[in-house]
>>> print(open('protein.cif').read())   # mmCIF, C-alpha atoms
data_entry
loop_
_atom_site.label_atom_id
_atom_site.label_comp_id
_atom_site.auth_asym_id
_atom_site.auth_seq_id
_atom_site.Cartn_x
_atom_site.Cartn_y
_atom_site.Cartn_z
CA MET K 1 -29.89 5.81 -0.86
CA PRO K 2 -27.14 3.47 -2.05
CA SER K 3 -24.64 2.50 0.63
CA THR K 4 -20.95 2.71 -0.11
CA THR K 5 -18.24 0.34 1.00
CA LYS K 6 -14.52 0.71 1.22
CA VAL K 7 -12.24 -1.39 -0.97
CA ARG K 8 -8.47 -1.59 -0.70
CA VAL K 9 -6.26 -2.54 -3.61
CA PHE K 10 -2.67 -3.51 -2.84
CA VAL K 11 -0.19 -3.41 -5.69
CA SER K 12 3.22 -5.02 -5.31
CA LEU K 13 6.08 -5.89 -7.62
CA LYS K 14 6.21 -9.46 -8.88
CA ASN K 15 8.93 -11.71 -7.52
CA GLY K 16 12.13 -11.30 -9.44
CA VAL K 17 11.46 -7.72 -10.47
CA LEU K 18 14.23 -5.46 -9.19
CA ASP K 19 13.09 -2.88 -6.64
CA PRO K 20 15.60 -0.02 -6.36
CA GLN K 21 13.30 1.96 -4.06
CA GLY K 22 13.07 -0.97 -1.67
CA ARG K 23 16.85 -1.39 -1.84
CA ALA K 24 17.38 2.27 -0.99
CA ILE K 25 15.00 2.00 1.97
CA THR K 26 16.79 -1.11 3.24
CA HIS K 27 20.09 0.77 3.21
CA ALA K 28 18.51 3.85 4.81
CA ILE K 29 17.14 1.73 7.65
CA GLU K 30 20.64 0.37 8.27
CA GLY K 31 21.97 3.91 8.09
CA LEU K 32 19.55 4.94 10.84
CA GLY K 33 21.14 2.31 13.06
CA PHE K 34 18.48 -0.40 12.97
CA SER K 35 19.57 -3.97 12.44
CA GLY K 36 17.56 -7.05 11.54
CA VAL K 37 15.78 -5.74 8.44
CA THR K 38 16.98 -7.95 5.60
CA ASP K 39 14.75 -6.80 2.76
CA VAL K 40 12.17 -4.14 1.86
CA ARG K 41 9.81 -4.21 -1.10
CA ALA K 42 7.93 -1.04 -1.96
CA GLY K 43 4.36 -1.16 -3.22
CA ARG K 44 1.25 0.94 -3.51
CA MET K 45 -2.15 0.94 -1.90
CA PHE K 46 -5.43 2.45 -3.06
CA GLU K 47 -8.50 2.98 -0.92
CA LEU K 48 -11.66 3.16 -3.00
CA GLU K 49 -15.06 4.32 -1.85
CA VAL K 50 -17.50 2.33 -3.98
CA ASP K 51 -21.23 1.77 -4.18
CA ALA K 52 -22.34 -1.61 -2.91
CA SER K 53 -23.46 -2.38 -6.46
CA VAL K 54 -19.91 -2.46 -7.84
CA THR K 55 -19.01 -6.08 -8.62
CA ASP K 56 -15.79 -7.94 -7.91
CA ALA K 57 -15.35 -8.35 -11.67
CA ALA K 58 -15.47 -4.59 -12.16
CA LEU K 59 -12.93 -4.07 -9.36
CA ASP K 60 -10.68 -6.68 -10.96
CA GLU K 61 -10.83 -4.84 -14.24
CA MET K 62 -10.07 -1.44 -12.66
CA ALA K 63 -7.10 -2.91 -10.81
CA SER K 64 -5.62 -4.70 -13.79
CA LYS K 65 -6.26 -1.95 -16.34
CA LEU K 66 -5.54 1.15 -14.29
CA LEU K 67 -3.99 0.59 -10.88
CA ALA K 68 -1.42 -2.11 -11.56
CA ASN K 69 1.02 -2.66 -14.37
CA MET K 70 0.39 -6.35 -14.92
CA VAL K 71 3.72 -6.87 -16.66
CA ILE K 72 5.68 -6.29 -13.46
CA GLU K 73 3.08 -6.03 -10.70
CA ASN K 74 0.49 -8.11 -8.91
CA TYR K 75 -2.56 -6.81 -7.09
CA ARG K 76 -4.77 -7.99 -4.27
CA ILE K 77 -8.27 -6.68 -3.60
CA GLU K 78 -9.76 -6.53 -0.12
CA ARG K 79 -13.29 -5.43 0.69
CA VAL K 80 -13.45 -3.67 4.04
CA ALA K 81 -16.58 -4.30 6.10
CA MET Y 1 19.64 -19.53 12.60
CA PRO Y 2 17.36 -16.56 13.31
CA SER Y 3 13.94 -16.82 11.72
CA THR Y 4 12.58 -13.89 9.77
CA THR Y 5 9.02 -12.65 9.65
CA LYS Y 6 7.24 -10.44 7.19
CA VAL Y 7 5.92 -7.04 8.25
CA ARG Y 8 3.70 -4.78 6.19
CA VAL Y 9 3.59 -1.02 6.69
CA PHE Y 10 0.68 0.86 5.12
CA VAL Y 11 1.07 4.59 4.67
CA SER Y 12 -1.92 6.73 3.81
CA LEU Y 13 -2.67 10.44 3.69
CA LYS Y 14 -4.36 11.93 6.73
CA ASN Y 15 -7.98 12.98 6.40
CA GLY Y 16 -8.27 16.44 4.99
CA VAL Y 17 -5.02 16.30 3.04
CA LEU Y 18 -5.68 16.84 -0.65
CA ASP Y 19 -4.86 13.85 -2.85
CA PRO Y 20 -4.44 14.89 -6.49
CA GLN Y 21 -3.26 11.41 -7.49
CA GLY Y 22 -6.40 9.86 -6.02
CA ARG Y 23 -8.48 12.51 -7.75
CA ALA Y 24 -6.89 11.73 -11.10
CA ILE Y 25 -7.50 8.01 -10.61
CA THR Y 26 -11.15 8.63 -9.74
CA HIS Y 27 -11.59 10.54 -12.99
CA ALA Y 28 -9.69 7.92 -14.96
CA ILE Y 29 -11.97 5.18 -13.61
CA GLU Y 30 -14.99 7.18 -14.78
CA GLY Y 31 -13.28 7.69 -18.10
CA LEU Y 32 -12.90 3.94 -18.50
CA GLY Y 33 -16.66 3.64 -18.21
CA PHE Y 34 -17.01 2.37 -14.65
CA SER Y 35 -19.59 3.93 -12.39
CA GLY Y 36 -20.07 3.71 -8.64
CA VAL Y 37 -16.56 4.71 -7.53
CA THR Y 38 -17.00 7.90 -5.55
CA ASP Y 39 -13.52 8.43 -4.16
CA VAL Y 40 -9.98 7.07 -4.39
CA ARG Y 41 -7.15 7.76 -1.96
CA ALA Y 42 -3.64 6.76 -2.98
CA GLY Y 43 -1.17 5.41 -0.46
CA ARG Y 44 1.94 3.31 -0.16
CA MET Y 45 2.79 -0.11 1.17
CA PHE Y 46 6.10 -1.56 2.30
CA GLU Y 47 6.82 -5.22 2.85
CA LEU Y 48 9.72 -5.74 5.24
CA GLU Y 49 11.57 -8.96 5.88
CA VAL Y 50 12.73 -8.69 9.49
CA ASP Y 51 14.39 -10.90 12.08
CA ALA Y 52 12.05 -12.12 14.79
CA SER Y 53 14.11 -10.08 17.24
CA VAL Y 54 13.00 -6.72 15.80
CA THR Y 55 10.64 -5.08 18.27
CA ASP Y 56 7.38 -3.26 17.61
CA ALA Y 57 8.98 -0.10 19.00
CA ALA Y 58 11.78 -0.32 16.42
CA LEU Y 59 9.24 -0.84 13.62
CA ASP Y 60 7.28 2.17 14.86
CA GLU Y 61 10.41 4.28 14.74
CA MET Y 62 11.31 3.13 11.20
CA ALA Y 63 7.81 3.87 9.98
CA SER Y 64 7.56 7.30 11.54
CA LYS Y 65 11.11 8.42 10.73
CA LEU Y 66 11.61 6.95 7.30
CA LEU Y 67 8.54 5.47 5.64
CA ALA Y 68 5.83 8.00 6.45
CA ASN Y 69 5.82 11.78 6.48
CA MET Y 70 4.05 12.26 9.78
CA VAL Y 71 2.98 15.81 8.93
CA ILE Y 72 0.56 14.60 6.28
CA GLU Y 73 0.51 10.80 6.55
CA ASN Y 74 -0.51 8.05 8.93
CA TYR Y 75 0.88 4.54 9.03
CA ARG Y 76 -0.33 1.17 10.15
CA ILE Y 77 1.94 -1.78 10.91
CA GLU Y 78 0.84 -5.37 10.40
CA ARG Y 79 2.91 -8.42 11.28
CA VAL Y 80 2.25 -11.26 8.88
CA ALA Y 81 2.29 -14.73 10.41
#
>>> encode(input="protein.cif", output="structure tokens")
Amino acid sequence: MPSTTKVRVFVSLKNGVLDPQGRAITHAIEGLGFSGVTDVRAGRMFELEVDASVTDAALDEMASKLLANMVIENYRIERVA
Amino acid sequence: MPSTTKVRVFVSLKNGVLDPQGRAITHAIEGLGFSGVTDVRAGRMFELEVDASVTDAALDEMASKLLANMVIENYRIERVA
């Protein structure tokens, strides 16, 4: 029986790319009365259930081809124990 | 000059909540020819730049009131060094 592991892929906008969603959240936080939050950047996260046989190279390819838009986004892959 | 720290908030769907986006991604990964990915759950991530004075309680309140929909989502807060 092949064991599965959990993999997280974090996708975030590259530096310099405008983030209107993050801007809106920053203003909304102020509007709620909180102070001290100077910036918010919005990103995405994917939790994959994968067989132990899936290689890092394959995960890289999935992330760059499907999960992230490499023109404006970066990704980071984390294998969970 | 107050120092700022980075805080990450991860928002994911609660167990049992259907995730059509994750489903679509799972199928798309298969369609690209990869095997071994049995499930994908889609979530969101927020990177906040906050003053060191912002308390954990305040972050909790921001996450639960604004960033996550507590009916169907959970959140996890991580302070980055």
>>> resolve_selection(input="protein.cif", expression="the PyMOL selection byres ((chain K) within 9 of (chain Y))", output="CSV table (one decimal) with C-alpha atoms, keeping the file's coordinate frame")
chain,number,residue,atom,x,y,z
K,4,THR,CA,-21.0,2.7,-0.1
K,10,PHE,CA,-2.7,-3.5,-2.8
K,11,VAL,CA,-0.2,-3.4,-5.7
K,12,SER,CA,3.2,-5.0,-5.3
K,22,GLY,CA,13.1,-1.0,-1.7
K,25,ILE,CA,15.0,2.0,2.0
K,26,THR,CA,16.8,-1.1,3.2
K,28,ALA,CA,18.5,3.8,4.8
K,29,ILE,CA,17.1,1.7,7.6
K,32,LEU,CA,19.6,4.9,10.8
K,34,PHE,CA,18.5,-0.4,13.0
K,35,SER,CA,19.6,-4.0,12.4
K,36,GLY,CA,17.6,-7.0,11.5
K,37,VAL,CA,15.8,-5.7,8.4
K,38,THR,CA,17.0,-8.0,5.6
K,39,ASP,CA,14.8,-6.8,2.8
K,40,VAL,CA,12.2,-4.1,1.9
K,41,ARG,CA,9.8,-4.2,-1.1
K,42,ALA,CA,7.9,-1.0,-2.0
K,43,GLY,CA,4.4,-1.2,-3.2
K,44,ARG,CA,1.2,0.9,-3.5
K,45,MET,CA,-2.2,0.9,-1.9
K,46,PHE,CA,-5.4,2.4,-3.1
K,47,GLU,CA,-8.5,3.0,-0.9
K,48,LEU,CA,-11.7,3.2,-3.0
K,49,GLU,CA,-15.1,4.3,-1.8
K,50,VAL,CA,-17.5,2.3,-4.0
K,51,ASP,CA,-21.2,1.8,-4.2
K,52,ALA,CA,-22.3,-1.6,-2.9
K,53,SER,CA,-23.5,-2.4,-6.5
K,54,VAL,CA,-19.9,-2.5,-7.8
K,58,ALA,CA,-15.5,-4.6,-12.2
K,62,MET,CA,-10.1,-1.4,-12.7
K,66,LEU,CA,-5.5,1.2,-14.3
K,67,LEU,CA,-4.0,0.6,-10.9
>>> resolve_selection(input="protein.cif", expression="the PyMOL selection byres ((chain Y and resi 15) around 12)", output="PyMOL selection string")
chain Y and resi 12-14+16-19+41+71-74
>>> calpha_fit_and_write(input="protein.cif", fixed="chain K", moving="chain Y", output="PDB file with C-alpha atoms, keeping the file's coordinate frame")
ATOM      1  CA  MET Y   1     -29.833   5.926  -0.848  1.00  0.00           C
ATOM      2  CA  PRO Y   2     -27.133   3.518  -2.044  1.00  0.00           C
ATOM      3  CA  SER Y   3     -24.654   2.521   0.632  1.00  0.00           C
ATOM      4  CA  THR Y   4     -20.959   2.707  -0.110  1.00  0.00           C
ATOM      5  CA  THR Y   5     -18.259   0.319   1.002  1.00  0.00           C
ATOM      6  CA  LYS Y   6     -14.530   0.709   1.215  1.00  0.00           C
ATOM      7  CA  VAL Y   7     -12.239  -1.395  -0.964  1.00  0.00           C
ATOM      8  CA  ARG Y   8      -8.476  -1.596  -0.682  1.00  0.00           C
ATOM      9  CA  VAL Y   9      -6.258  -2.543  -3.612  1.00  0.00           C
ATOM     10  CA  PHE Y  10      -2.663  -3.509  -2.832  1.00  0.00           C
ATOM     11  CA  VAL Y  11      -0.188  -3.416  -5.684  1.00  0.00           C
ATOM     12  CA  SER Y  12       3.219  -5.000  -5.305  1.00  0.00           C
ATOM     13  CA  LEU Y  13       6.081  -5.892  -7.619  1.00  0.00           C
ATOM     14  CA  LYS Y  14       6.210  -9.464  -8.860  1.00  0.00           C
ATOM     15  CA  ASN Y  15       8.935 -11.708  -7.499  1.00  0.00           C
ATOM     16  CA  GLY Y  16      12.122 -11.303  -9.428  1.00  0.00           C
ATOM     17  CA  VAL Y  17      11.457  -7.713 -10.457  1.00  0.00           C
ATOM     18  CA  LEU Y  18      14.217  -5.452  -9.187  1.00  0.00           C
ATOM     19  CA  ASP Y  19      13.089  -2.874  -6.631  1.00  0.00           C
ATOM     20  CA  PRO Y  20      15.591  -0.015  -6.359  1.00  0.00           C
ATOM     21  CA  GLN Y  21      13.286   1.964  -4.063  1.00  0.00           C
ATOM     22  CA  GLY Y  22      13.066  -0.969  -1.660  1.00  0.00           C
ATOM     23  CA  ARG Y  23      16.825  -1.378  -1.866  1.00  0.00           C
ATOM     24  CA  ALA Y  24      17.382   2.266  -0.990  1.00  0.00           C
ATOM     25  CA  ILE Y  25      15.004   1.999   1.964  1.00  0.00           C
ATOM     26  CA  THR Y  26      16.792  -1.106   3.240  1.00  0.00           C
ATOM     27  CA  HIS Y  27      20.082   0.787   3.206  1.00  0.00           C
ATOM     28  CA  ALA Y  28      18.510   3.845   4.797  1.00  0.00           C
ATOM     29  CA  ILE Y  29      17.143   1.719   7.650  1.00  0.00           C
ATOM     30  CA  GLU Y  30      20.649   0.366   8.261  1.00  0.00           C
ATOM     31  CA  GLY Y  31      21.965   3.894   8.093  1.00  0.00           C
ATOM     32  CA  LEU Y  32      19.559   4.941  10.828  1.00  0.00           C
ATOM     33  CA  GLY Y  33      21.131   2.321  13.060  1.00  0.00           C
ATOM     34  CA  PHE Y  34      18.488  -0.402  12.949  1.00  0.00           C
ATOM     35  CA  SER Y  35      19.558  -3.977  12.430  1.00  0.00           C
ATOM     36  CA  GLY Y  36      17.557  -7.067  11.538  1.00  0.00           C
ATOM     37  CA  VAL Y  37      15.783  -5.751   8.428  1.00  0.00           C
ATOM     38  CA  THR Y  38      16.969  -7.944   5.587  1.00  0.00           C
ATOM     39  CA  ASP Y  39      14.748  -6.795   2.747  1.00  0.00           C
ATOM     40  CA  VAL Y  40      12.177  -4.142   1.861  1.00  0.00           C
ATOM     41  CA  ARG Y  41       9.809  -4.215  -1.102  1.00  0.00           C
ATOM     42  CA  ALA Y  42       7.930  -1.038  -1.962  1.00  0.00           C
ATOM     43  CA  GLY Y  43       4.372  -1.140  -3.228  1.00  0.00           C
ATOM     44  CA  ARG Y  44       1.244   0.935  -3.507  1.00  0.00           C
ATOM     45  CA  MET Y  45      -2.160   0.948  -1.894  1.00  0.00           C
ATOM     46  CA  PHE Y  46      -5.434   2.445  -3.064  1.00  0.00           C
ATOM     47  CA  GLU Y  47      -8.490   2.989  -0.923  1.00  0.00           C
ATOM     48  CA  LEU Y  48     -11.657   3.153  -3.005  1.00  0.00           C
ATOM     49  CA  GLU Y  49     -15.056   4.305  -1.859  1.00  0.00           C
ATOM     50  CA  VAL Y  50     -17.502   2.320  -3.987  1.00  0.00           C
ATOM     51  CA  ASP Y  51     -21.242   1.755  -4.180  1.00  0.00           C
ATOM     52  CA  ALA Y  52     -22.354  -1.631  -2.911  1.00  0.00           C
ATOM     53  CA  SER Y  53     -23.461  -2.399  -6.460  1.00  0.00           C
ATOM     54  CA  VAL Y  54     -19.901  -2.490  -7.844  1.00  0.00           C
ATOM     55  CA  THR Y  55     -19.010  -6.091  -8.620  1.00  0.00           C
ATOM     56  CA  ASP Y  56     -15.785  -7.957  -7.921  1.00  0.00           C
ATOM     57  CA  ALA Y  57     -15.334  -8.380 -11.675  1.00  0.00           C
ATOM     58  CA  ALA Y  58     -15.466  -4.600 -12.169  1.00  0.00           C
ATOM     59  CA  LEU Y  59     -12.929  -4.085  -9.366  1.00  0.00           C
ATOM     60  CA  ASP Y  60     -10.664  -6.688 -10.957  1.00  0.00           C
ATOM     61  CA  GLU Y  61     -10.833  -4.846 -14.250  1.00  0.00           C
ATOM     62  CA  MET Y  62     -10.055  -1.458 -12.643  1.00  0.00           C
ATOM     63  CA  ALA Y  63      -7.094  -2.917 -10.803  1.00  0.00           C
ATOM     64  CA  SER Y  64      -5.613  -4.705 -13.781  1.00  0.00           C
ATOM     65  CA  LYS Y  65      -6.253  -1.942 -16.325  1.00  0.00           C
ATOM     66  CA  LEU Y  66      -5.540   1.146 -14.293  1.00  0.00           C
ATOM     67  CA  LEU Y  67      -3.995   0.592 -10.876  1.00  0.00           C
ATOM     68  CA  ALA Y  68      -1.415  -2.112 -11.536  1.00  0.00           C
ATOM     69  CA  ASN Y  69       1.028  -2.645 -14.371  1.00  0.00           C
ATOM     70  CA  MET Y  70       0.397  -6.329 -14.903  1.00  0.00           C
ATOM     71  CA  VAL Y  71       3.729  -6.861 -16.660  1.00  0.00           C
ATOM     72  CA  ILE Y  72       5.672  -6.288 -13.460  1.00  0.00           C
ATOM     73  CA  GLU Y  73       3.078  -6.015 -10.683  1.00  0.00           C
ATOM     74  CA  ASN Y  74       0.480  -8.093  -8.893  1.00  0.00           C
ATOM     75  CA  TYR Y  75      -2.569  -6.797  -7.081  1.00  0.00           C
ATOM     76  CA  ARG Y  76      -4.765  -7.972  -4.275  1.00  0.00           C
ATOM     77  CA  ILE Y  77      -8.273  -6.673  -3.609  1.00  0.00           C
ATOM     78  CA  GLU Y  78      -9.754  -6.527  -0.124  1.00  0.00           C
ATOM     79  CA  ARG Y  79     -13.291  -5.434   0.687  1.00  0.00           C
ATOM     80  CA  VAL Y  80     -13.450  -3.687   4.031  1.00  0.00           C
ATOM     81  CA  ALA Y  81     -16.583  -4.344   6.066  1.00  0.00           C
TER      82      ALA Y  81
END
>>> atom_distance(input="protein.cif", atom1="atom CA of Y:Ile77", atom2="atom CA of Y:Asp60")
7.7 Å
>>> atom_distance(input="protein.cif", atom1="atom CA of Y:Asp56", atom2="atom CA of Y:Tyr75")
13.3 Å
>>> atom_distance(input="protein.cif", atom1="atom CA of K:Ala68", atom2="atom CA of K:Ser3")
26.6 Å
